[in-house]
Structure formats: structure tokens, C-alpha cells
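Note: the block below is start.cif and it holds mmCIF, C-alpha atoms.
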data_entry
loop_
_atom_site.label_atom_id
_atom_site.label_comp_id
_atom_site.auth_asym_id
_atom_site.auth_seq_id
_atom_site.Cartn_x
_atom_site.Cartn_y
_atom_site.Cartn_z
CA PRO A 1 127.93 -73.97 10.85
CA PRO A 2 128.17 -75.46 7.34
CA ARG A 3 131.85 -76.24 7.70
CA THR A 4 131.21 -78.18 10.90
CA VAL A 5 128.55 -80.28 9.23
CA LEU A 6 130.70 -80.95 6.18
CA LEU A 7 133.71 -81.82 8.28
CA ALA A 8 131.68 -84.33 10.28
CA ALA A 9 130.41 -85.77 7.01
CA GLY A 10 134.01 -86.32 6.00
CA ALA A 11 134.26 -89.17 8.47
CA ALA A 12 131.60 -91.06 6.56
CA VAL A 13 133.38 -90.31 3.28
CA VAL A 14 136.59 -91.81 4.61
CA ALA A 15 134.80 -94.90 5.86
CA LEU A 16 133.11 -95.44 2.49
CA GLY A 17 136.32 -95.01 0.54
CA ALA A 18 138.66 -96.82 2.87
CA GLY A 19 139.05 -99.87 0.67
CA ALA A 20 140.36 -98.01 -2.36
CA LEU A 21 144.10 -98.21 -2.97
CA VAL A 22 146.07 -96.43 -5.67
CA PRO A 23 149.25 -98.15 -6.96
CA VAL A 24 152.50 -96.25 -6.69
CA VAL A 25 155.44 -96.47 -9.04
CA ARG A 26 157.91 -97.07 -6.24
CA SER A 27 157.09 -98.34 -2.78
CA ALA A 28 158.09 -96.36 0.28
CA LEU A 29 161.51 -97.04 1.75
CA ALA A 30 161.05 -99.75 4.36
CA ALA A 31 163.67 -98.33 6.70
CA PRO A 32 164.42 -100.80 9.49
CA ASP A 33 164.70 -98.08 12.12
CA PHE A 34 161.04 -97.04 12.49
CA THR A 35 161.32 -97.90 16.18
CA ALA A 36 161.47 -94.67 18.17
CA ALA A 37 158.09 -93.50 19.44
CA LEU A 38 156.70 -90.38 17.82
CA PRO A 39 157.25 -87.63 20.42
CA ASP A 40 154.26 -85.76 21.78
CA LEU A 41 155.22 -82.09 21.95
CA ALA A 42 154.59 -80.70 25.42
CA PRO A 43 152.10 -77.80 25.60
CA LEU A 44 153.39 -74.37 26.53
CA PRO A 45 152.16 -73.65 30.08
CA LEU A 46 149.49 -70.95 30.04
CA ARG A 47 148.40 -69.17 33.23
CA ALA A 48 144.86 -67.84 33.46
CA GLY A 49 144.77 -64.49 35.27
CA PRO A 50 141.80 -62.95 37.11
CA ASP A 51 141.11 -60.91 33.96
CA GLY A 52 140.64 -64.13 31.96
CA VAL A 53 143.79 -63.58 29.88
CA LEU A 54 146.01 -66.63 29.28
CA ARG A 55 149.66 -65.76 29.87
CA GLY A 56 152.64 -67.66 28.50
CA ASP A 57 156.38 -67.14 28.09
CA LEU A 58 158.69 -68.08 25.22
CA VAL A 59 162.47 -67.72 25.41
CA ALA A 60 164.72 -68.31 22.40
CA ALA A 61 168.11 -69.53 23.61
CA PRO A 62 170.97 -71.91 22.81
CA ALA A 63 170.26 -75.53 23.74
CA GLY A 64 172.90 -78.20 23.20
CA ALA A 65 174.27 -77.84 19.69
CA GLY A 66 171.23 -75.90 18.48
CA LEU A 67 168.64 -73.28 19.41
CA ARG A 68 165.30 -73.89 21.08
CA TYR A 69 162.29 -72.19 22.60
CA ASN A 70 162.19 -72.86 26.34
CA GLY A 71 164.76 -75.60 25.79
CA GLY A 72 162.46 -77.61 23.51
CA THR A 73 159.55 -77.32 21.08
CA PRO A 74 156.49 -76.16 23.06
CA LEU A 75 153.06 -76.63 21.49
CA LEU A 76 150.91 -73.52 21.81
CA LYS A 77 147.37 -74.89 22.31
CA LEU A 78 144.57 -72.35 22.06
CA LYS A 79 140.82 -72.17 21.47
CA GLU A 80 138.78 -69.80 19.37
CA GLY A 81 137.93 -66.81 21.55
CA ASP A 82 140.90 -67.20 23.92
CA ARG A 83 142.49 -63.96 25.11
CA VAL A 84 146.27 -64.44 25.10
CA ARG A 85 149.28 -62.49 26.33
CA LEU A 86 152.49 -64.03 25.01
CA ALA A 87 155.79 -62.69 26.37
CA PHE A 88 158.95 -63.33 24.33
CA ARG A 89 162.63 -62.90 25.24
CA ASN A 90 165.59 -63.18 22.89
CA ASP A 91 168.49 -64.89 24.68
CA LEU A 92 170.40 -65.55 21.45
CA ASP A 93 173.64 -63.84 20.51
CA ALA A 94 171.97 -62.36 17.41
CA PRO A 95 168.83 -60.36 16.66
CA SER A 96 165.62 -62.35 16.43
CA SER A 97 161.84 -61.95 16.50
CA LEU A 98 158.71 -64.00 17.09
CA HIS A 99 156.25 -64.53 14.22
CA LEU A 100 152.89 -66.28 14.81
CA HIS A 101 152.71 -67.69 11.30
CA GLY A 102 149.24 -67.89 9.79
CA LEU A 103 147.18 -66.45 12.64
CA PRO A 104 145.12 -63.51 11.31
CA LEU A 105 146.55 -60.86 13.61
CA PRO A 106 147.11 -57.16 12.87
CA PRO A 107 150.68 -55.92 12.25
CA ALA A 108 150.55 -53.98 15.49
CA VAL A 109 150.33 -57.34 17.32
CA ASP A 110 152.42 -59.65 15.16
CA ALA A 111 155.36 -57.58 13.96
CA PRO A 112 157.92 -60.16 12.78
CA LEU A 113 160.30 -57.60 11.28
CA ASP A 114 160.62 -55.71 14.57
CA HIS A 115 163.93 -57.31 15.52
CA LEU A 116 164.89 -57.76 19.14
CA GLU A 117 168.54 -57.42 20.04
CA PRO A 118 170.05 -60.02 22.39
CA GLY A 119 168.34 -59.69 25.76
CA GLY A 120 165.37 -57.84 24.26
CA THR A 121 161.75 -58.61 25.13
CA SER A 122 158.36 -58.13 23.53
CA VAL A 123 154.71 -58.86 24.31
CA GLN A 124 151.97 -59.96 21.90
CA GLU A 125 148.45 -59.65 23.26
CA PHE A 126 145.50 -60.78 21.16
CA THR A 127 142.17 -62.60 21.03
CA VAL A 128 142.04 -65.74 18.88
CA PRO A 129 139.41 -64.91 16.22
CA GLU A 130 136.35 -67.08 15.80
CA GLY A 131 136.49 -69.36 12.77
CA THR A 132 140.28 -69.78 12.89
CA ALA A 133 140.46 -73.36 14.21
CA GLY A 134 143.40 -75.09 12.57
CA THR A 135 147.15 -75.62 12.57
CA TYR A 136 149.70 -72.80 12.59
CA TRP A 137 153.26 -72.30 13.82
CA TYR A 138 155.66 -69.79 15.31
CA HIS A 139 159.26 -69.04 14.36
CA PRO A 140 161.79 -66.21 14.05
CA HIS A 141 161.63 -63.79 11.17
CA ALA A 142 164.98 -62.04 11.59
CA HIS A 143 165.88 -60.53 8.23
CA GLY A 144 168.86 -62.35 6.70
CA ASP A 145 169.04 -64.94 9.47
CA VAL A 146 165.75 -66.84 9.27
CA GLU A 147 167.16 -69.96 7.61
CA ARG A 148 170.01 -70.36 10.08
CA GLN A 149 167.76 -69.94 13.10
CA LEU A 150 165.12 -72.31 11.71
CA LEU A 151 167.65 -75.02 10.87
CA ALA A 152 169.13 -74.66 14.34
CA GLY A 153 165.75 -75.58 15.84
CA LEU A 154 163.72 -72.40 16.40
CA ALA A 155 160.20 -73.43 15.42
CA GLY A 156 157.08 -74.56 17.22
CA PRO A 157 153.48 -75.51 16.41
CA ILE A 158 150.22 -73.74 17.21
CA VAL A 159 146.91 -75.65 17.32
CA VAL A 160 143.65 -73.72 17.62
CA ALA A 161 140.71 -75.88 18.69
CA GLY A 162 137.21 -75.23 17.40
CA PRO A 163 133.69 -76.67 17.29
CA ALA A 164 134.55 -79.08 14.46
CA ASP A 165 137.10 -81.02 16.54
CA HIS A 166 135.91 -84.62 16.81
CA ALA A 167 136.42 -86.77 19.92
CA ASP A 168 136.09 -89.99 17.90
CA TRP A 169 139.24 -89.24 15.87
CA ASP A 170 142.86 -89.82 16.79
CA ASP A 171 144.34 -86.33 16.41
CA ARG A 172 148.06 -86.34 15.53
CA LEU A 173 150.34 -83.36 14.99
CA LEU A 174 153.26 -84.08 12.62
CA MET A 175 155.77 -81.24 12.47
CA PHE A 176 158.49 -81.71 9.85
CA THR A 177 161.92 -80.11 10.32
CA ARG A 178 165.26 -80.70 8.66
CA VAL A 179 168.00 -82.28 10.78
CA GLY A 180 171.16 -82.61 8.70
CA ARG A 181 170.37 -84.99 5.82
CA ASP A 182 167.12 -86.16 7.41
CA ILE A 183 163.60 -84.83 7.83
CA ALA A 184 162.56 -85.19 11.46
CA VAL A 185 158.99 -85.53 12.69
CA ASN A 186 158.35 -83.83 16.04
CA GLY A 187 162.12 -83.84 16.46
CA ALA A 188 162.62 -87.58 15.85
CA VAL A 189 163.96 -89.23 12.68
CA ARG A 190 161.71 -92.02 11.32
CA PRO A 191 159.50 -92.44 14.40
CA VAL A 192 156.41 -94.65 14.71
CA PHE A 193 153.04 -94.17 16.42
CA THR A 194 150.08 -96.40 17.20
CA PRO A 195 146.66 -94.99 16.24
CA ASN A 196 143.99 -95.38 18.93
CA ARG A 197 140.91 -94.73 16.78
CA GLY A 198 139.62 -96.08 13.49
CA LEU A 199 140.00 -92.66 11.92
CA THR A 200 143.07 -90.45 12.33
CA ARG A 201 143.45 -86.74 11.69
CA LEU A 202 146.99 -85.86 10.61
CA ARG A 203 147.92 -82.23 11.16
CA LEU A 204 150.82 -81.77 8.72
CA LEU A 205 153.20 -78.84 9.31
CA ASN A 206 156.16 -78.23 7.02
CA ALA A 207 158.48 -76.29 9.32
CA THR A 208 161.57 -76.82 7.18
CA ALA A 209 163.51 -73.89 5.80
CA GLY A 210 163.42 -74.99 2.17
CA ASP A 211 162.01 -78.49 1.55
CA HIS A 212 158.93 -79.07 -0.60
CA LEU A 213 157.25 -82.22 0.75
CA LEU A 214 154.96 -84.28 -1.46
CA LEU A 215 153.34 -86.54 1.14
CA GLY A 216 151.47 -89.79 0.67
CA ALA A 217 150.40 -92.64 2.97
CA VAL A 218 151.80 -95.92 1.64
CA ARG A 219 150.90 -99.48 2.67
CA ALA A 220 152.35 -102.55 0.94
CA GLY A 221 153.35 -100.54 -2.12
CA ALA A 222 149.99 -98.82 -2.60
CA ARG A 223 148.73 -95.42 -1.55
CA LEU A 224 145.93 -95.05 0.95
CA PRO A 225 143.29 -92.43 0.19
CA LEU A 226 143.59 -89.19 2.13
CA HIS A 227 140.76 -86.74 2.71
CA LEU A 228 141.88 -83.13 2.92
CA ILE A 229 139.87 -81.22 5.53
CA ALA A 230 142.01 -78.10 6.13
CA THR A 231 144.75 -76.00 4.55
CA ASP A 232 146.59 -72.80 5.50
CA GLY A 233 143.24 -71.03 5.24
CA GLY A 234 141.51 -73.27 7.76
CA LEU A 235 138.76 -75.83 7.19
CA VAL A 236 137.68 -76.49 3.62
CA ASP A 237 133.99 -76.48 2.69
CA ARG A 238 133.93 -80.25 2.13
CA PRO A 239 136.52 -83.04 2.37
CA VAL A 240 138.56 -83.60 -0.79
CA GLU A 241 139.82 -87.10 -1.57
CA LEU A 242 143.38 -87.29 -2.88
CA THR A 243 146.43 -89.53 -2.73
CA GLU A 244 149.14 -86.94 -2.06
CA VAL A 245 149.53 -83.54 -0.42
CA LEU A 246 152.19 -81.03 -1.47
CA LEU A 247 153.43 -78.72 1.28
CA ALA A 248 155.84 -75.89 0.54
CA PRO A 249 158.03 -74.59 3.39
CA GLY A 250 155.79 -73.08 6.06
CA GLU A 251 152.62 -74.65 4.63
CA ARG A 252 150.10 -76.73 6.58
CA GLY A 253 147.46 -79.26 5.66
CA GLU A 254 145.14 -81.57 7.56
CA VAL A 255 143.96 -84.94 6.29
CA LEU A 256 141.84 -87.80 7.54
CA VAL A 257 143.13 -91.33 6.99
CA ASP A 258 141.31 -94.59 7.73
CA THR A 259 143.09 -96.48 10.53
CA SER A 260 140.67 -99.34 11.10
CA ALA A 261 142.63 -102.02 9.19
CA ALA A 262 145.49 -103.56 11.15
CA GLY A 263 149.00 -103.23 9.76
CA ARG A 264 151.67 -100.64 9.08
CA PHE A 265 151.53 -97.71 6.70
CA THR A 266 154.20 -95.09 6.18
CA LEU A 267 153.74 -91.39 5.62
CA THR A 268 156.26 -90.88 2.86
CA ALA A 269 157.94 -87.98 1.12
CA LEU A 270 157.37 -88.96 -2.51
CA PRO A 271 159.73 -88.00 -5.36
CA TYR A 272 159.20 -84.37 -6.33
CA SER A 273 160.90 -81.74 -8.46
CA VAL A 274 160.47 -78.02 -7.91
CA TYR A 275 161.88 -77.56 -11.43
CA GLY A 276 159.07 -79.40 -13.22
CA ALA A 277 159.39 -82.23 -15.74
CA GLY A 278 162.98 -83.21 -16.35
CA GLY A 279 164.33 -81.39 -13.32
CA ALA A 280 166.26 -82.86 -10.41
CA THR A 281 163.91 -84.95 -8.27
CA SER A 282 164.05 -85.59 -4.55
CA ALA A 283 164.40 -89.16 -3.30
CA GLU A 284 161.49 -91.11 -1.88
CA VAL A 285 161.84 -91.31 1.90
CA GLY A 286 159.64 -92.75 4.63
CA LEU A 287 159.15 -90.12 7.33
CA VAL A 288 156.90 -91.65 9.99
CA ALA A 289 155.20 -95.03 10.35
CA ALA A 290 151.80 -95.89 11.83
CA ASP A 291 151.35 -99.35 13.34
CA VAL A 292 147.59 -99.86 13.34
CA PRO A 293 146.51 -102.45 15.93
CA ALA A 294 143.71 -104.91 15.38
CA GLY A 295 140.27 -104.13 16.76
CA LEU A 296 139.87 -100.42 15.93
CA ALA A 297 136.34 -99.77 14.76
CA ALA A 298 135.77 -97.99 11.46
CA VAL A 299 134.19 -94.54 11.80
#
Is it possible to express this structure as C-alpha cells?
Amino acid sequence: PPRTVLLAAGAAVVALGAGALVPVVRSALAAPDFTAALPDLAPLPLRAGPDGVLRGDLVAAPAGAGLRYNGGTPLLKLKEGDRVRLAFRNDLDAPSSLHLHGLPLPPAVDAPLDHLEPGGTSVQEFTVPEGTAGTYWYHPHAHGDVERQLLAGLAGPIVVAGPADHADWDDRLLMFTRVGRDIAVNGAVRPVFTPNRGLTRLRLLNATAGDHLLLGAVRAGARLPLHLIATDGGLVDRPVELTEVLLAPGERGEVLVDTSAAGRFTLTALPYSVYGAGGATSAEVGLVAADVPAGLAAV
């Protein structure tokens, strides 16, 4: 398909443009605590029945000082064409619901405003449509209580695999949530990861309740080029080179970044104002660091 060809061509675009750096006004905060490893979110167990349907269970319940699905943040990993039966139970002390955000499903399947009382259950059965490979997420959509439940920890990612997925890339999911005064990445504050390929795909998911994130990759005070390959609507027709990606709450984006040159770069929330010129501006904050080892071949 044309999108597959263009996406593969994006690797060559990144390799050709890898040397270009764009100066930034202020360098990223070099926080000394980029030491914790970036967590890998465990996949939600799916059971294949004799009918070929994949079955999984999600339970929203208190966990520690917050709320979690199945006690954590399960990653729902699917493929185009998968038949899925997802059972949900609300073990909170308040009404809730399960919304599969971004997946093109009919209201009869994904009914986020159908609130479940405590102890209530629901089932969502669907086939993942062809052409929907990309990054999505799930969360509650309880009217009047969404923000509280999100901030308490009820959110999880969905990744749909498709024919354009590339084995020669390091594929990293980065899910941003607010934890007090900090923005966490996969549940950790200022974590670090080590790329294992010369080209890395960053799946960016803004799962905060109200933060607009203007994201850039910064190395030694300069921005690395990013190549946008997917948005909320899935894969774009051709990679788009840019130096920053703005994600509103709930929004997703996927970028390729060259990781063949050894050294550290930081994915940074750059200063941004939702009020326009002259309005209050957010601070510049490093969110996650990448320590690129020597010896990774350029793609």
C-alpha cells in the first residue's frame, strides 16, 4: 500500500537528515536524576479461544494511593484484523466506564457514556479494522469524574500493529501522565532508556488530563530533527520533518528519530502557552532521556 512504501522511505529521509541540528533558545533541563530505567508496560494477557476470538479482562480498582487497571497499566497489543472480546469490571466506589479512545468502533460497541455502577460489568466485542495500525489508549469517561479518575491513574495504551511496522527500528511507547507536579513517562518520573537500533520510533501518547505538551528532542542545546509518521488519524502519507510536536490532552503522535550517534538526548516539554503570545507559558522540563550507545548503525 502507498502508506507502507512512504513509511519505509521515511527511514532513508531520517538517515539523510540526521546531521541537521536546529538551535534552541534555552537548553533542556539537565536534571541529575535521569537514572531510573524507562518501564516497559506489560501487555494485557489475551486468551485465544477455539472461535479465534482474543479474550481479555480489565478491572478498574483502587491500588495503593491511586486507581489502576488490573493493579497497573496494561498495554493492549492488537493487530489489524484481530477479533477481540474485552470484559470490563468497575471495582471503584464510584460510577465509571471504559472508552477505547481513537479506535474507529461503532457506539454500540464503545459506549463511554454508559456508566457502570460499582460492581458493574460490560463486554466490548469487535474486530480491529484494517488500516488502523497506530497508537491509541483506553480510559474512563464517567461524566463529571473523568479528570479525577485519570489523575488517580486510570489510563492505559493500545498499540495496533500493521504491515508498516519495521523490524529494523527500535519501537518505544512513551505514555505521559501527570503525577503531582511532574509529568511521568510510563509511570516513572525522568526515566532513561538505551536505544538498540540506529533509528527509533517514538510512540507519543499524552494521557494527561489537561497538559498541552510541546515536545522536542534536545542534545547539547540543539534540537534533533524529528520525522512525523503518524497522528491520531493513523499513518501520514509521507514523513514530515519538524523539530517539535504539540500534543493536546488525549492526542497521539509517532516520530522517527536518528539514534546512530552516541550520546544522550532528552525528550523535552518545551515552553508553551495555550493563551497565545503574551500568555502564561509552561516551564521547559526534560521528560525522558535516551542514552545512545556507540556502534549502532544508521538506517
A straight line from atom CA of Arg85 of chain A to atom CA of Gly233 of chain A spans 23.5 Å
Run the PyMOL selection byres ((chain A and resi 246-261) around 7) mentally over the shown coordinates, then write out the matched residues as a short mmCIF file (atom, residue, chain, number, x, y, z; two decimals) with C-alpha atoms, in the frame of the given file, using the chain letters and numbers from the document.
data_model
loop_
_atom_site.label_atom_id
_atom_site.label_comp_id
_atom_site.auth_asym_id
_atom_site.auth_seq_id
_atom_site.Cartn_x
_atom_site.Cartn_y
_atom_site.Cartn_z
CA VAL A 14 136.59 -91.81 4.61
CA ALA A 15 134.80 -94.90 5.86
CA ALA A 18 138.66 -96.82 2.87
CA THR A 135 147.15 -75.62 12.57
CA PRO A 195 146.66 -94.99 16.24
CA ARG A 197 140.91 -94.73 16.78
CA GLY A 198 139.62 -96.08 13.49
CA LEU A 199 140.00 -92.66 11.92
CA THR A 200 143.07 -90.45 12.33
CA ARG A 201 143.45 -86.74 11.69
CA LEU A 202 146.99 -85.86 10.61
CA ARG A 203 147.92 -82.23 11.16
CA LEU A 204 150.82 -81.77 8.72
CA LEU A 205 153.20 -78.84 9.31
CA ASN A 206 156.16 -78.23 7.02
CA ALA A 207 158.48 -76.29 9.32
CA THR A 208 161.57 -76.82 7.18
CA ALA A 209 163.51 -73.89 5.80
CA GLY A 210 163.42 -74.99 2.17
CA ASP A 211 162.01 -78.49 1.55
CA HIS A 212 158.93 -79.07 -0.60
CA LEU A 213 157.25 -82.22 0.75
CA LEU A 214 154.96 -84.28 -1.46
CA LEU A 215 153.34 -86.54 1.14
CA PRO A 225 143.29 -92.43 0.19
CA LEU A 226 143.59 -89.19 2.13
CA HIS A 227 140.76 -86.74 2.71
CA LEU A 228 141.88 -83.13 2.92
CA ILE A 229 139.87 -81.22 5.53
CA ALA A 230 142.01 -78.10 6.13
CA THR A 231 144.75 -76.00 4.55
CA ASP A 232 146.59 -72.80 5.50
CA GLU A 244 149.14 -86.94 -2.06
CA VAL A 245 149.53 -83.54 -0.42
CA ALA A 262 145.49 -103.56 11.15
CA GLY A 263 149.00 -103.23 9.76
CA VAL A 292 147.59 -99.86 13.34
CA ALA A 294 143.71 -104.91 15.38
CA LEU A 296 139.87 -100.42 15.93
CA ALA A 297 136.34 -99.77 14.76
CA ALA A 298 135.77 -97.99 11.46
#
task: I would like the residues chosen by the PyMOL selection byres ((chain A and resi 54) around 8) on the shown file; could you give them as number ranges by chain?
output: A: 46-49, 52-53, 55-56, 82-85
Target residues per the PyMOL selection byres ((chain A and resi 137) around 12), formatted as a short mmCIF file (atom, residue, chain, number, x, y, z; two decimals) with C-alpha atoms, in the coordinates of the input:
data_model
loop_
_atom_site.label_atom_id
_atom_site.label_comp_id
_atom_site.auth_asym_id
_atom_site.auth_seq_id
_atom_site.Cartn_x
_atom_site.Cartn_y
_atom_site.Cartn_z
CA THR A 73 159.55 -77.32 21.08
CA PRO A 74 156.49 -76.16 23.06
CA LEU A 75 153.06 -76.63 21.49
CA LEU A 76 150.91 -73.52 21.81
CA LYS A 77 147.37 -74.89 22.31
CA LEU A 78 144.57 -72.35 22.06
CA LEU A 98 158.71 -64.00 17.09
CA HIS A 99 156.25 -64.53 14.22
CA LEU A 100 152.89 -66.28 14.81
CA HIS A 101 152.71 -67.69 11.30
CA GLY A 102 149.24 -67.89 9.79
CA LEU A 103 147.18 -66.45 12.64
CA GLY A 134 143.40 -75.09 12.57
CA THR A 135 147.15 -75.62 12.57
CA TYR A 136 149.70 -72.80 12.59
CA TYR A 138 155.66 -69.79 15.31
CA HIS A 139 159.26 -69.04 14.36
CA PRO A 140 161.79 -66.21 14.05
CA LEU A 154 163.72 -72.40 16.40
CA ALA A 155 160.20 -73.43 15.42
CA GLY A 156 157.08 -74.56 17.22
CA PRO A 157 153.48 -75.51 16.41
CA ILE A 158 150.22 -73.74 17.21
CA VAL A 159 146.91 -75.65 17.32
CA VAL A 160 143.65 -73.72 17.62
CA LEU A 173 150.34 -83.36 14.99
CA LEU A 174 153.26 -84.08 12.62
CA MET A 175 155.77 -81.24 12.47
CA PHE A 176 158.49 -81.71 9.85
CA ARG A 203 147.92 -82.23 11.16
CA LEU A 204 150.82 -81.77 8.72
CA LEU A 205 153.20 -78.84 9.31
CA ASN A 206 156.16 -78.23 7.02
CA ALA A 207 158.48 -76.29 9.32
CA THR A 208 161.57 -76.82 7.18
CA ASP A 232 146.59 -72.80 5.50
CA PRO A 249 158.03 -74.59 3.39
CA GLY A 250 155.79 -73.08 6.06
CA GLU A 251 152.62 -74.65 4.63
CA ARG A 252 150.10 -76.73 6.58
#
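The spacing separating atom CA of Glu117 of chain A from atom CA of Arg68 of chain A amounts to 16.8 Å.
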The distance between atom CA of Leu86 of chain A and atom CA of Asn70 of chain A is 13.2 Å
Next on the checklist: Every residue with an atom at most 10 Å from (137.7, -75.6, 11.7) (file coordinates; only C-alpha atoms) is what I'm after, so could you write them as a PyMOL selection string?
Outcome noted: chain A and resi 1+3-4+7+80+130-135+160-165+229-230+233-237
Got time to write the residues from that selection, C-alpha atoms, as a compact mmCIF listing (two decimals), in the frame of the given file?
# COMPACT_ATOMS: atom_id res chain seq x y z
CA PRO A 1 127.93 -73.97 10.85
CA ARG A 3 131.85 -76.24 7.70
CA THR A 4 131.21 -78.18 10.90
CA LEU A 7 133.71 -81.82 8.28
CA GLU A 80 138.78 -69.80 19.37
CA GLU A 130 136.35 -67.08 15.80
CA GLY A 131 136.49 -69.36 12.77
CA THR A 132 140.28 -69.78 12.89
CA ALA A 133 140.46 -73.36 14.21
CA GLY A 134 143.40 -75.09 12.57
CA THR A 135 147.15 -75.62 12.57
CA VAL A 160 143.65 -73.72 17.62
CA ALA A 161 140.71 -75.88 18.69
CA GLY A 162 137.21 -75.23 17.40
CA PRO A 163 133.69 -76.67 17.29
CA ALA A 164 134.55 -79.08 14.46
CA ASP A 165 137.10 -81.02 16.54
CA ILE A 229 139.87 -81.22 5.53
CA ALA A 230 142.01 -78.10 6.13
CA GLY A 233 143.24 -71.03 5.24
CA GLY A 234 141.51 -73.27 7.76
CA LEU A 235 138.76 -75.83 7.19
CA VAL A 236 137.68 -76.49 3.62
CA ASP A 237 133.99 -76.48 2.69
Centre and size of axis-aligned box enclosing segment 210-219 of chain A plus 6 Å each side, as JSON:
{"center_x": 156.9, "center_y": -87.2, "center_z": 0.8, "size_x": 25.0, "size_y": 36.5, "size_z": 16.4}
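Candidate residues A:Ser282, A:Leu151, A:Pro271, A:Ser122 were compared for distance to Gly180 of chain A, and the nearest is A:Leu151, using all atoms listed in the file.
Point (156.0, -91.5, 17.4) has the following residues at most 6 Å away: Ala37, Leu38, Pro39, Pro191, Val192 and Phe193 of chain A (atoms considered: all atoms listed in the file).
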Restricting to all atoms listed in the file, whichever of A:His143, A:Arg264, A:Val123, A:Ala277 is closest to Ala290 of chain A is A:Arg264
Working from the structure I just supplied, which lacks atoms in segment 52-71 of chain A, can you model N, CA and C atoms there and output them as a PDB file, in the frame of the given file?
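The result, stored in result39.pdb:
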ATOM      1  N   GLY A  52     140.988 -63.151  32.991  1.00  0.00           N
ATOM      2  CA  GLY A  52     140.640 -64.130  31.960  1.00  0.00           C
ATOM      3  C   GLY A  52     141.656 -64.272  30.860  1.00  0.00           C
ATOM      4  N   VAL A  53     142.755 -63.518  30.912  1.00  0.00           N
ATOM      5  CA  VAL A  53     143.790 -63.580  29.880  1.00  0.00           C
ATOM      6  C   VAL A  53     144.739 -64.741  30.186  1.00  0.00           C
ATOM      7  N   LEU A  54     145.045 -65.536  29.154  1.00  0.00           N
ATOM      8  CA  LEU A  54     146.010 -66.630  29.280  1.00  0.00           C
ATOM      9  C   LEU A  54     147.406 -66.082  29.016  1.00  0.00           C
ATOM     10  N   ARG A  55     148.312 -66.295  29.969  1.00  0.00           N
ATOM     11  CA  ARG A  55     149.660 -65.760  29.870  1.00  0.00           C
ATOM     12  C   ARG A  55     150.670 -66.885  29.689  1.00  0.00           C
ATOM     13  N   GLY A  56     151.584 -66.688  28.740  1.00  0.00           N
ATOM     14  CA  GLY A  56     152.640 -67.660  28.500  1.00  0.00           C
ATOM     15  C   GLY A  56     153.946 -66.966  28.176  1.00  0.00           C
ATOM     16  N   ASP A  57     155.045 -67.707  28.305  1.00  0.00           N
ATOM     17  CA  ASP A  57     156.380 -67.140  28.090  1.00  0.00           C
ATOM     18  C   ASP A  57     157.161 -68.022  27.131  1.00  0.00           C
ATOM     19  N   LEU A  58     157.796 -67.394  26.148  1.00  0.00           N
ATOM     20  CA  LEU A  58     158.690 -68.080  25.220  1.00  0.00           C
ATOM     21  C   LEU A  58     160.054 -67.398  25.265  1.00  0.00           C
ATOM     22  N   VAL A  59     161.096 -68.227  25.389  1.00  0.00           N
ATOM     23  CA  VAL A  59     162.470 -67.720  25.410  1.00  0.00           C
ATOM     24  C   VAL A  59     163.265 -68.462  24.353  1.00  0.00           C
ATOM     25  N   ALA A  60     163.841 -67.727  23.408  1.00  0.00           N
ATOM     26  CA  ALA A  60     164.720 -68.310  22.400  1.00  0.00           C
ATOM     27  C   ALA A  60     166.142 -68.277  22.942  1.00  0.00           C
ATOM     28  N   ALA A  61     166.782 -69.461  23.004  1.00  0.00           N
ATOM     29  CA  ALA A  61     168.110 -69.530  23.610  1.00  0.00           C
ATOM     30  C   ALA A  61     168.868 -70.736  23.064  1.00  0.00           C
ATOM     31  N   PRO A  62     170.205 -70.732  23.186  1.00  0.00           N
ATOM     32  CA  PRO A  62     170.970 -71.910  22.810  1.00  0.00           C
ATOM     33  C   PRO A  62     170.567 -73.110  23.673  1.00  0.00           C
ATOM     34  N   ALA A  63     170.576 -74.296  23.037  1.00  0.00           N
ATOM     35  CA  ALA A  63     170.260 -75.530  23.740  1.00  0.00           C
ATOM     36  C   ALA A  63     171.064 -76.646  23.084  1.00  0.00           C
ATOM     37  N   GLY A  64     172.040 -77.199  23.798  1.00  0.00           N
ATOM     38  CA  GLY A  64     172.900 -78.200  23.200  1.00  0.00           C
ATOM     39  C   GLY A  64     173.653 -77.611  22.022  1.00  0.00           C
ATOM     40  N   ALA A  65     173.585 -78.328  20.883  1.00  0.00           N
ATOM     41  CA  ALA A  65     174.270 -77.840  19.690  1.00  0.00           C
ATOM     42  C   ALA A  65     173.390 -76.941  18.842  1.00  0.00           C
ATOM     43  N   GLY A  66     172.156 -76.691  19.287  1.00  0.00           N
ATOM     44  CA  GLY A  66     171.230 -75.900  18.480  1.00  0.00           C
ATOM     45  C   GLY A  66     170.609 -74.761  19.245  1.00  0.00           C
ATOM     46  N   LEU A  67     169.424 -74.347  18.783  1.00  0.00           N
ATOM     47  CA  LEU A  67     168.640 -73.280  19.410  1.00  0.00           C
ATOM     48  C   LEU A  67     167.245 -73.822  19.662  1.00  0.00           C
ATOM     49  N   ARG A  68     166.623 -73.400  20.755  1.00  0.00           N
ATOM     50  CA  ARG A  68     165.300 -73.890  21.080  1.00  0.00           C
ATOM     51  C   ARG A  68     164.490 -72.800  21.781  1.00  0.00           C
ATOM     52  N   TYR A  69     163.178 -72.999  21.775  1.00  0.00           N
ATOM     53  CA  TYR A  69     162.290 -72.190  22.600  1.00  0.00           C
ATOM     54  C   TYR A  69     162.052 -72.928  23.913  1.00  0.00           C
ATOM     55  N   ASN A  70     162.358 -72.273  25.006  1.00  0.00           N
ATOM     56  CA  ASN A  70     162.190 -72.860  26.340  1.00  0.00           C
ATOM     57  C   ASN A  70     162.895 -74.206  26.462  1.00  0.00           C
ATOM     58  N   GLY A  71     163.991 -74.369  25.724  1.00  0.00           N
ATOM     59  CA  GLY A  71     164.760 -75.600  25.790  1.00  0.00           C
ATOM     60  C   GLY A  71     164.182 -76.746  24.990  1.00  0.00           C
TER      61      GLY A  71
END
